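Raw contents of final.txt, compact mmCIF, C-alpha atoms:
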```
# COMPACT_ATOMS: atom_id res chain seq x y z
CA MET A 1 0.00 0.00 0.00
CA ILE A 2 1.44 3.40 -1.07
CA THR A 3 1.18 5.88 1.71
CA THR A 4 1.26 9.67 1.54
CA LYS A 5 4.61 9.58 3.29
CA LYS A 6 6.09 7.36 0.56
CA ILE A 7 4.75 9.62 -2.20
CA ILE A 8 6.31 12.67 -0.55
CA SER A 9 9.63 10.81 -0.20
CA ALA A 10 9.57 9.87 -3.90
CA PHE A 11 8.93 13.47 -4.90
CA ALA A 12 11.77 14.61 -2.65
CA ILE A 13 14.20 12.09 -4.19
CA THR A 14 13.18 13.14 -7.71
CA ALA A 15 13.61 16.81 -6.87
CA LEU A 16 17.04 16.20 -5.40
CA SER A 17 18.08 14.18 -8.47
CA LEU A 18 16.94 16.93 -10.82
CA ALA A 19 18.74 19.53 -8.73
CA GLY A 20 21.90 17.43 -8.89
CA LEU A 21 21.66 17.11 -12.68
CA ASN A 22 21.11 20.85 -12.99
CA THR A 23 24.15 21.54 -10.82
CA GLN A 24 26.27 19.19 -12.94
CA ALA A 25 25.07 20.91 -16.10
CA GLN A 26 25.99 24.32 -14.67
CA GLN A 27 29.44 23.08 -13.69
CA LEU A 28 30.19 21.40 -17.04
CA LYS A 29 32.98 23.19 -18.90
CA VAL A 30 33.91 22.58 -22.51
CA PRO A 31 36.58 24.24 -24.68
CA ALA A 32 35.48 27.44 -26.39
CA PRO A 33 35.52 27.21 -30.21
CA SER A 34 37.17 30.65 -30.35
CA PRO A 35 39.05 30.98 -27.05
CA GLY A 36 39.71 34.42 -25.61
CA GLN A 37 43.15 35.86 -25.10
CA THR A 38 44.60 38.98 -23.48
CA VAL A 39 48.07 40.07 -24.59
CA LYS A 40 50.04 42.86 -22.90
CA GLN A 41 53.26 44.47 -24.06
CA ASN A 42 55.27 47.26 -22.49
CA PHE A 43 55.84 49.90 -25.15
CA ALA A 44 57.55 53.31 -25.02
CA LEU A 45 56.50 54.80 -21.65
CA GLY A 46 53.25 52.82 -21.42
CA GLU A 47 51.63 49.54 -22.32
CA VAL A 48 49.66 48.14 -25.26
CA SER A 49 47.17 45.33 -24.72
CA PHE A 50 44.79 43.30 -26.89
CA ASP A 51 41.66 41.53 -25.62
CA TYR A 52 40.15 39.32 -28.32
CA SER A 53 38.81 35.88 -29.29
CA ARG A 54 40.74 33.56 -31.59
CA PRO A 55 38.85 31.60 -34.26
CA SER A 56 40.64 28.86 -36.22
CA VAL A 57 40.75 28.00 -39.92
CA LYS A 58 39.46 24.41 -39.52
CA GLY A 59 39.92 23.61 -43.20
CA ARG A 60 37.93 26.61 -44.42
CA VAL A 61 38.77 29.43 -46.82
CA ILE A 62 38.91 32.49 -44.58
CA TYR A 63 39.37 35.74 -46.46
CA GLY A 64 36.87 36.18 -49.24
CA ASP A 65 34.58 33.49 -47.78
CA VAL A 66 34.26 33.12 -43.98
CA VAL A 67 35.40 36.74 -43.71
CA PRO A 68 34.00 38.43 -46.84
CA PHE A 69 35.96 41.04 -48.71
CA GLY A 70 34.62 44.58 -48.55
CA LYS A 71 32.61 44.12 -45.35
CA ILE A 72 33.25 45.29 -41.78
CA TRP A 73 34.72 42.54 -39.59
CA ARG A 74 35.02 42.48 -35.82
CA THR A 75 38.65 41.32 -36.29
CA GLY A 76 38.26 38.13 -34.31
CA ALA A 77 35.22 36.40 -32.85
CA ASN A 78 32.62 36.77 -30.10
CA ALA A 79 32.72 40.17 -28.34
CA THR A 80 34.39 43.34 -29.60
CA THR A 81 38.13 42.99 -30.14
CA LYS A 82 39.69 45.66 -27.90
CA ILE A 83 43.02 47.43 -28.06
CA THR A 84 44.23 49.56 -25.14
CA PHE A 85 46.97 52.18 -25.09
CA THR A 86 47.95 53.51 -21.66
CA ASP A 87 49.80 56.42 -23.24
CA ASP A 88 49.37 58.50 -26.40
CA VAL A 89 50.67 56.77 -29.55
CA LYS A 90 50.54 56.99 -33.33
CA LEU A 91 49.16 54.42 -35.77
CA GLU A 92 50.59 54.79 -39.26
CA GLY A 93 51.58 58.32 -38.24
CA ASN A 94 48.11 59.25 -36.97
CA GLU A 95 47.78 60.42 -33.38
CA VAL A 96 45.75 58.25 -31.01
CA LYS A 97 45.01 59.29 -27.43
CA ALA A 98 45.45 56.87 -24.54
CA GLY A 99 42.33 54.73 -24.09
CA THR A 100 40.54 51.52 -25.06
CA TYR A 101 39.07 51.12 -28.53
CA GLY A 102 37.24 48.51 -30.56
CA LEU A 103 39.38 47.21 -33.45
CA TYR A 104 37.39 46.76 -36.67
CA THR A 105 38.67 46.07 -40.16
CA ILE A 106 37.49 45.78 -43.76
CA PRO A 107 39.56 43.11 -45.51
CA ASN A 108 40.23 43.32 -49.25
CA LYS A 109 42.64 41.47 -51.51
CA ASP A 110 45.10 44.32 -51.93
CA SER A 111 44.35 46.62 -49.00
CA TRP A 112 42.68 46.62 -45.59
CA ASP A 113 40.79 49.37 -43.82
CA VAL A 114 41.61 49.53 -40.10
CA MET A 115 39.30 51.40 -37.73
CA LEU A 116 39.42 52.29 -34.05
CA TYR A 117 35.87 52.48 -32.65
CA LYS A 118 34.48 54.16 -29.54
CA ASP A 119 31.55 51.79 -28.88
CA LEU A 120 32.94 48.70 -27.13
CA THR A 121 29.55 46.93 -27.01
CA LEU A 122 28.97 46.50 -30.76
CA GLY A 123 30.60 43.08 -31.03
CA GLY A 124 29.79 41.35 -34.32
CA ASN A 125 26.62 43.36 -34.93
CA THR A 126 28.34 45.30 -37.70
CA SER A 127 25.04 46.24 -39.37
CA GLU A 128 24.79 48.81 -36.53
CA TYR A 129 28.29 50.17 -37.19
CA LYS A 130 28.29 53.99 -37.21
CA GLN A 131 31.04 56.05 -38.80
CA GLU A 132 30.56 58.80 -36.22
CA ASN A 133 31.91 56.39 -33.60
CA GLU A 134 35.21 56.01 -35.45
CA VAL A 135 38.26 57.47 -33.75
CA LEU A 136 40.58 56.56 -36.61
CA HIS A 137 40.20 55.11 -40.11
CA LEU A 138 43.27 54.18 -42.13
CA LYS A 139 44.39 51.88 -44.94
CA VAL A 140 47.24 49.37 -44.82
CA LYS A 141 48.69 46.77 -47.18
CA PRO A 142 48.41 43.05 -46.35
CA THR A 143 51.28 40.68 -47.08
CA ALA A 144 51.21 36.99 -48.01
CA LEU A 145 52.62 34.41 -45.61
CA THR A 146 54.46 31.28 -46.67
CA ASN A 147 53.37 29.44 -43.52
CA LYS A 148 49.71 28.94 -42.69
CA ILE A 149 48.48 30.44 -39.40
CA GLU A 150 45.72 28.16 -38.12
CA THR A 151 44.46 30.36 -35.28
CA PHE A 152 43.82 34.09 -35.60
CA THR A 153 46.62 35.95 -33.81
CA ILE A 154 47.28 39.58 -32.86
CA LEU A 155 50.77 40.40 -31.70
CA LEU A 156 53.24 43.24 -31.33
CA ALA A 157 56.46 42.62 -33.30
CA ASP A 158 59.74 44.44 -33.94
CA VAL A 159 59.45 46.32 -30.65
CA THR A 160 61.90 49.18 -30.07
CA SER A 161 61.77 52.02 -27.55
CA THR A 162 59.61 54.13 -29.88
CA SER A 163 58.22 51.85 -32.59
CA ALA A 164 56.60 48.46 -33.16
CA THR A 165 54.37 46.63 -35.62
CA ILE A 166 50.90 45.39 -34.74
CA GLU A 167 50.38 42.23 -36.78
CA LEU A 168 47.03 40.60 -37.58
CA LEU A 169 47.88 37.03 -38.60
CA TRP A 170 45.51 34.38 -39.97
CA GLU A 171 45.46 31.79 -42.70
CA ASN A 172 48.09 32.99 -45.24
CA THR A 173 47.76 36.72 -44.57
CA SER A 174 49.60 39.20 -42.37
CA VAL A 175 48.27 42.72 -41.87
CA PRO A 176 50.95 45.03 -40.42
CA ILE A 177 50.00 48.28 -38.69
CA MET A 178 52.84 50.61 -37.75
CA LEU A 179 52.83 51.80 -34.14
CA SER A 180 55.03 54.62 -32.86
CA ALA A 181 55.37 56.99 -29.92
CA ASP A 182 56.91 60.45 -29.58
CA ILE A 183 58.48 60.19 -26.14
CA ASP A 184 61.77 62.07 -26.47
CA ALA A 185 60.50 65.43 -25.19
CA LYS A 186 58.79 63.74 -22.24
CA VAL A 187 61.87 61.65 -21.39
CA MET A 188 64.20 64.64 -21.63
CA LYS A 189 61.95 66.62 -19.33
CA ASN A 190 61.89 63.72 -16.85
CA ILE A 191 65.67 63.42 -16.99
CA ASP A 192 66.16 67.13 -16.32
CA ALA A 193 63.84 66.91 -13.32
CA SER A 194 65.25 63.64 -11.98
CA VAL A 195 68.96 64.38 -12.05
CA THR A 196 68.42 67.43 -9.86
CA ALA A 197 66.24 65.53 -7.38
CA ASP A 198 67.35 63.33 -4.52
CA ASN A 199 67.15 60.02 -6.41
CA ARG A 200 69.46 61.19 -9.28
CA PRO A 201 69.09 58.28 -11.76
CA TYR A 202 72.42 58.95 -13.45
CA PHE A 203 72.73 55.51 -15.03
CA GLN A 204 69.30 55.64 -16.66
CA ALA A 205 69.95 59.18 -17.93
CA ALA A 206 73.35 58.19 -19.36
CA SER A 207 71.80 55.12 -21.01
CA TYR A 208 69.12 57.17 -22.71
CA TYR A 209 71.64 59.73 -23.96
CA TYR A 210 73.90 56.95 -25.30
CA ASP A 211 71.10 54.96 -26.96
CA ASN A 212 69.56 58.03 -28.61
CA ASN A 213 72.75 59.81 -29.76
CA LYS A 214 72.39 62.75 -27.40
CA ASP A 215 75.23 64.73 -25.78
CA LEU A 216 77.84 62.01 -25.13
CA LYS A 217 79.98 64.24 -22.90
CA GLN A 218 76.97 64.70 -20.64
CA ALA A 219 76.36 60.94 -20.77
CA ALA A 220 80.00 60.38 -19.71
CA ALA A 221 79.62 62.79 -16.80
CA TRP A 222 76.46 61.02 -15.63
CA ILE A 223 77.91 57.50 -15.89
CA ASN A 224 80.90 58.62 -13.83
CA LYS A 225 78.56 59.93 -11.15
CA ALA A 226 76.62 56.64 -11.26
CA LEU A 227 79.86 54.70 -10.73
CA GLU A 228 80.80 56.91 -7.81
CA GLN A 229 77.60 55.70 -6.12
CA ASN A 230 78.08 52.06 -7.17
CA PRO A 231 81.74 51.40 -8.09
CA LYS A 232 81.34 47.63 -8.49
CA ALA A 233 78.48 47.84 -10.99
CA PHE A 234 79.99 46.03 -13.98
CA TYR A 235 76.98 46.88 -16.15
CA MET A 236 77.58 50.58 -15.49
CA MET A 237 81.27 50.18 -16.27
CA LEU A 238 80.39 48.57 -19.60
CA LEU A 239 78.20 51.57 -20.49
CA LYS A 240 81.11 53.84 -19.57
CA ALA A 241 83.32 51.89 -22.01
CA LYS A 242 80.68 52.16 -24.76
CA ILE A 243 80.36 55.91 -24.28
CA GLU A 244 84.14 56.38 -24.33
CA TYR A 245 84.50 54.33 -27.50
CA LYS A 246 81.69 56.33 -29.10
CA LEU A 247 83.56 59.50 -28.15
CA ASN A 248 86.51 57.99 -30.05
CA ASP A 249 88.59 57.73 -26.87
CA LYS A 250 89.80 54.19 -27.50
CA ALA A 251 92.36 54.15 -24.69
CA ALA A 252 89.74 55.09 -22.08
CA GLY A 253 87.21 52.71 -23.63
CA LYS A 254 89.68 49.81 -23.47
CA ALA A 255 90.54 50.60 -19.86
CA SER A 256 86.86 50.68 -18.87
CA ALA A 257 86.17 47.46 -20.78
CA GLU A 258 89.02 45.75 -18.91
CA LYS A 259 87.58 47.02 -15.61
CA THR A 260 84.21 45.61 -16.68
CA ILE A 261 85.82 42.19 -17.18
CA ALA A 262 87.46 42.36 -13.75
CA LEU A 263 84.24 43.40 -12.00
CA ALA A 264 82.12 40.86 -13.91
CA THR A 265 84.65 38.11 -13.12
CA GLU A 266 84.36 38.97 -9.43
CA ALA A 267 80.56 38.87 -9.75
CA LYS A 268 80.74 35.62 -11.80
CA ASN A 269 78.76 37.13 -14.68
CA ASP A 270 79.98 35.52 -17.90
CA ASP A 271 77.60 37.51 -20.10
CA TYR A 272 79.21 40.85 -19.28
CA ILE A 273 82.70 39.38 -19.59
CA ALA A 274 81.80 38.29 -23.13
CA MET A 275 80.19 41.65 -23.99
CA ALA A 276 83.23 43.60 -22.78
CA LYS A 277 85.60 41.38 -24.80
CA LYS A 278 83.48 41.81 -27.91
CA LEU A 279 83.38 45.59 -27.39
CA MET A 280 87.18 45.68 -27.32
CA ALA A 281 87.45 43.43 -30.37
CA ASP A 282 85.00 45.59 -32.32
CA ASN A 283 86.98 48.75 -31.51
CA LYS A 284 90.55 47.66 -32.25
```

Output the structure of this file as structure tokens.
Amino acid sequence: MITTKKIISAFAITALSLAGLNTQAQQLKVPAPSPGQTVKQNFALGEVSFDYSRPSVKGRVIYGDVVPFGKIWRTGANATTKITFTDDVKLEGNEVKAGTYGLYTIPNKDSWDVMLYKDLTLGGNTSEYKQENEVLHLKVKPTALTNKIETFTILLADVTSTSATIELLWENTSVPIMLSADIDAKVMKNIDASVTADNRPYFQAASYYYDNNKDLKQAAAWINKALEQNPKAFYMMLLKAKIEYKLNDKAAGKASAEKTIALATEAKNDDYIAMAKKLMADNK
């Protein structure tokens, strides 16, 4: 005989089972078909980052088919592809203020349009794309790749202190976008302020002057002051040798290079020993 108590128990067991299945379903994780990625790169005096999703070729023809020519593309998959600059930069010589922008493109066989977009919520709904939301619109030339890139990739290549190349890579196509930054005036101002302050970063100031072909006599004065504060710094002594050689004072450069070897030997740093020996060999 089925009692009310048994019926209630059966309902309770069923409810618990369903709840368990629901919990399992909520906890189930599977790989995303176009996984997200965030890439950050220090650049100039700031940072550049990309936040985007990465679709794969999967045997398809991409440009001209999956991604049609002549139509606005979200430049990735899923949500809006975002690019962030923490400091002012230039793209293909055009000024861009620090901020986060949507990255949209229009692929074509011989040229690509590249746009920075203010609305970060548009995603792939490009039918609602509005030109008035564009911060920048420029054209670049794609190049053919010999190796196939299976998964869509955005990276920063050829990074120097003031320039780099943003590369959009997929299938057999690379789309380079030139990135640059005008930082010299800002750095020079910071140097002037810093070397008169208590911290006096003489080594950093001398390095910047040497690397950017500024006043080498001033660089020499600063590296000497840096070594007064830290006389066993073999890396500073190597910079002193480089500056002296660049000033065409080979005798002083050789002497400083030899001191670098002695200090680096004491510190057991083979890399700086090798660099100092190469510096002397290159300046015989």

- From A:Asn283, A:Ser163, A:Ser34, A:Thr100, residue lying nearest Lys250 (chain A) [all atoms listed in the file]: A:Asn283

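Separating CA of Glu47 (chain A) from CA of Asp87 (chain A) is a distance of 7.2 Å.
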
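Picture a line from CA of Ile183 (chain A) to CA of Thr160 (chain A); it runs 12.2 Å.
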
- Option closest in space to Ala274 (chain A), from A:Asn125, A:Thr146, A:Thr162, A:Thr260 [counting all atoms listed in the file]: A:Thr260

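Straight-line separation from CA of Lys225 (chain A) to CA of Ala241 (chain A): 14.3 Å.
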
For region 206-221 of chain A, please output as a PDB file with C-alpha atoms, in the coordinates of the input all residues within 10 Å (counting all atoms listed in the file; exclusion window: fewer than 3 positions along the same chain).
```
ATOM      1  CA  SER A 161      61.770  52.020 -27.550  1.00  0.00           C
ATOM      2  CA  ASP A 184      61.770  62.070 -26.470  1.00  0.00           C
ATOM      3  CA  VAL A 187      61.870  61.650 -21.390  1.00  0.00           C
ATOM      4  CA  MET A 188      64.200  64.640 -21.630  1.00  0.00           C
ATOM      5  CA  ILE A 191      65.670  63.420 -16.990  1.00  0.00           C
ATOM      6  CA  PRO A 201      69.090  58.280 -11.760  1.00  0.00           C
ATOM      7  CA  TYR A 202      72.420  58.950 -13.450  1.00  0.00           C
ATOM      8  CA  PHE A 203      72.730  55.510 -15.030  1.00  0.00           C
ATOM      9  CA  ASN A 224      80.900  58.620 -13.830  1.00  0.00           C
ATOM     10  CA  LYS A 225      78.560  59.930 -11.150  1.00  0.00           C
ATOM     11  CA  ALA A 226      76.620  56.640 -11.260  1.00  0.00           C
ATOM     12  CA  MET A 236      77.580  50.580 -15.490  1.00  0.00           C
ATOM     13  CA  LEU A 239      78.200  51.570 -20.490  1.00  0.00           C
ATOM     14  CA  LYS A 240      81.110  53.840 -19.570  1.00  0.00           C
ATOM     15  CA  ALA A 241      83.320  51.890 -22.010  1.00  0.00           C
ATOM     16  CA  LYS A 242      80.680  52.160 -24.760  1.00  0.00           C
ATOM     17  CA  ILE A 243      80.360  55.910 -24.280  1.00  0.00           C
ATOM     18  CA  GLU A 244      84.140  56.380 -24.330  1.00  0.00           C
ATOM     19  CA  LYS A 246      81.690  56.330 -29.100  1.00  0.00           C
ATOM     20  CA  LEU A 247      83.560  59.500 -28.150  1.00  0.00           C
TER      21      LEU A 247
END
```

- Message: Could you check the closest approach to Leu136 (chain A) for each of A:Tyr235, A:Phe69, A:Tyr245, A:Tyr101 and tell me which residue wins, using only C-alpha atoms?
- Response: A:Tyr101

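Taking all atoms listed in the file into account, Tyr129 (chain A) lies nearest to A:Tyr104 out of the set A:Phe152, A:Phe50, A:Tyr104, A:Phe85.
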
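Excluding Glu92 (chain A) itself and same-chain residues fewer than 5 positions from it, the residues having an atom within 9 Å of it are Leu138, Lys139, Val140, Ile177, Met178, Leu179 and Ser180 of chain A, counting all atoms listed in the file.
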
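Minimum distance to Ala157 (chain A) across A:Val48, A:Val135, A:Leu120, A:Ala32 (counting only C-alpha atoms) occurs at A:Val48.
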
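Take the candidates A:Asp51, A:Glu171, A:Glu228, A:Asp88 and check each one against Thr143 (chain A) using all atoms listed in the file; the shortest distance goes to A:Glu171.
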